[in-house]
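Working notes for the structure below.
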Amino acid sequence: MIFWRFFSGRGVGKAALRFLSIVLSQVLVLMAVGMQINRSNDFYSSWSDLFGTSNLYSSTATQAGSISILDKKDLLSATPLPDKGLLVHDVIVEKDSGVSNIVYMAVPNSAVKELKRNHPLDGKKYRVVEFLTGYPSQPIMWITVLQIDKVLADYNRTHPKQQIVGVFPEVNVAGHYDLECMNLPNGKPAAETWLTKDMHSFVNSRLGNLPTHWGIMGVSTGGWCAAMLSVRHPDLYSAAASIAGYYRPALPLSDPIALQEKMTLKYNFSIAESKLTQTIPLYLTASVKDKYSFRETSKFLALQHPHLKITYKELQEGGHNSRVWVSLIPEAFDWLQRNIPM
């Protein structure tokens, strides 16, 4: 726009330059806004991630079965967290799911001290909570946007004999394609296996044998995932918290109708719930102004749930965004940790 005067005058060429300069200005503004929104919410980690062209870390991933318990070298390269905890970052490939991707793990200060001394962790002292993002998003969003590191630090500082380890796997393991945390056919990455069996194996490899029954929490799509995985895998999860979630698969509308119907049946919440032999505690939140989540949550609550112990919190204000969720997480986490047995 500074050089607008050079485009003045008559003629097709100069008219075209004026038009292109206006279009370019609009494109740059939209790109700047999009980048700032992405930085605020950690939707995509790179341009290749945005366009779905990443190599899924296959060239840098380590076979999960060959990963050993965290040692001094691993801990020295980790990122400091509040209250002297550490955020460990691994890129692994799991044989069960075939997924190669990122996993973060928030290790409390007391566990860091034990690991540095090559002492095995006391399985009676530590419990695990798995945190799932929405779509699109990156697991680091839980730290940079949702501030779960501060919540974990406050809890672990006031509960020295009952510490929580946080696990943050990549949920969106198929680039720009939304798997809804399910094992889809036709060669799609086995997201359900990655988030359940693989994460438990990974934590045991890195920290030793901790209690099998974890808590699981998710926001948005991660809320659906947390609730669904807890019901489908009661042997792995004791309780789940769903923040602004929903309770049936929401595959892209561009997917074949046959696939959508098949997955809706396979991952039918009511059918999975009817197979439970124990009661699963489930914490739900929804905002009246968050139309989709509120509608789906209302439908879900209207059904009979004899195998679920549901705690529901409803907000009157706030849409479907991280600024609303961040205020809900401390209470949801407090409920969750009280429902994970030692």
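Chains: A, B, ... in order of the structure tokens. Residues: from 1 per chain. Ligands: from 1, in order shown.
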Spatial neighbours of A:Ala286, max dist 12 Å, only C-alpha atoms, sep filter under 4 positions, as a PyMOL selection string: chain A and resi 219-220+223+241-246+290-301+311-321+324-325+328
Got a sec to tell me which of stretch 77-117 of chain A DSSP assigns to strand (DSSP E), as a VMD selection string? chain A and resid 79 to 80 86 to 93 100 to 107
Now that the selection is made, can you save its residues with N, CA and C atoms as a compact mmCIF listing (two decimals), in the first residue's frame?
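The new file part_5.txt reads:
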# COMPACT_ATOMS: atom_id res chain seq x y z
N THR A 79 12.30 -30.66 29.97
CA THR A 79 11.92 -29.26 30.18
C THR A 79 11.44 -29.06 31.61
N PRO A 80 11.97 -28.05 32.32
CA PRO A 80 11.52 -27.81 33.70
C PRO A 80 10.05 -27.42 33.77
N LEU A 86 9.52 -32.23 35.78
CA LEU A 86 10.12 -32.22 34.45
C LEU A 86 9.12 -32.72 33.41
N LEU A 87 9.19 -32.12 32.22
CA LEU A 87 8.38 -32.57 31.09
C LEU A 87 9.28 -33.33 30.14
N VAL A 88 9.09 -34.63 30.07
CA VAL A 88 9.88 -35.51 29.21
C VAL A 88 9.20 -35.61 27.85
N HIS A 89 10.00 -35.61 26.82
CA HIS A 89 9.49 -35.62 25.44
C HIS A 89 10.09 -36.81 24.71
N ASP A 90 9.24 -37.71 24.22
CA ASP A 90 9.71 -38.88 23.47
C ASP A 90 8.98 -38.95 22.13
N VAL A 91 9.69 -39.46 21.13
CA VAL A 91 9.09 -39.79 19.84
C VAL A 91 9.25 -41.28 19.66
N ILE A 92 8.13 -42.00 19.64
CA ILE A 92 8.19 -43.46 19.66
C ILE A 92 7.35 -44.05 18.52
N VAL A 93 7.62 -45.30 18.21
CA VAL A 93 6.78 -46.08 17.31
C VAL A 93 6.37 -47.33 18.05
N SER A 100 3.67 -43.87 14.91
CA SER A 100 4.91 -43.24 15.37
C SER A 100 4.62 -41.76 15.56
N ASN A 101 4.77 -41.30 16.81
CA ASN A 101 4.43 -39.91 17.11
C ASN A 101 4.97 -39.49 18.47
N ILE A 102 4.51 -38.32 18.90
CA ILE A 102 5.04 -37.67 20.11
C ILE A 102 4.26 -38.09 21.35
N VAL A 103 4.98 -38.22 22.45
CA VAL A 103 4.37 -38.38 23.77
C VAL A 103 5.13 -37.48 24.74
N TYR A 104 4.40 -36.72 25.53
CA TYR A 104 4.99 -35.95 26.62
C TYR A 104 4.58 -36.59 27.94
N MET A 105 5.44 -36.44 28.94
CA MET A 105 5.13 -36.97 30.26
C MET A 105 5.61 -36.00 31.32
N ALA A 106 4.70 -35.57 32.20
CA ALA A 106 5.03 -34.67 33.31
C ALA A 106 5.37 -35.51 34.53
N VAL A 107 6.64 -35.44 34.93
CA VAL A 107 7.15 -36.27 36.02
C VAL A 107 7.32 -35.40 37.27
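Proximity to A:Asp198 at 12 Å, evaluated using only C-alpha atoms and with sequence-adjacent residues fewer than 4 positions away removed, yields Gln63, Ala64, Gly65, Ile92, Val93, Glu94, Lys95, Asp96, Ser97, Gly98, Val99, Ser100, Asn101, Val103, Val167, Pro169, Glu170, Ala190, Ala191, Glu192, Thr193, Trp194, Phe202, Val203, Asn204, Ser205 and Leu236 of chain A.
Distances from A:Arg248, A:Gln138, A:Ser25, A:Asp178 to A:Ile271 were compared using only C-alpha atoms, and the smallest one belongs to A:Arg248.
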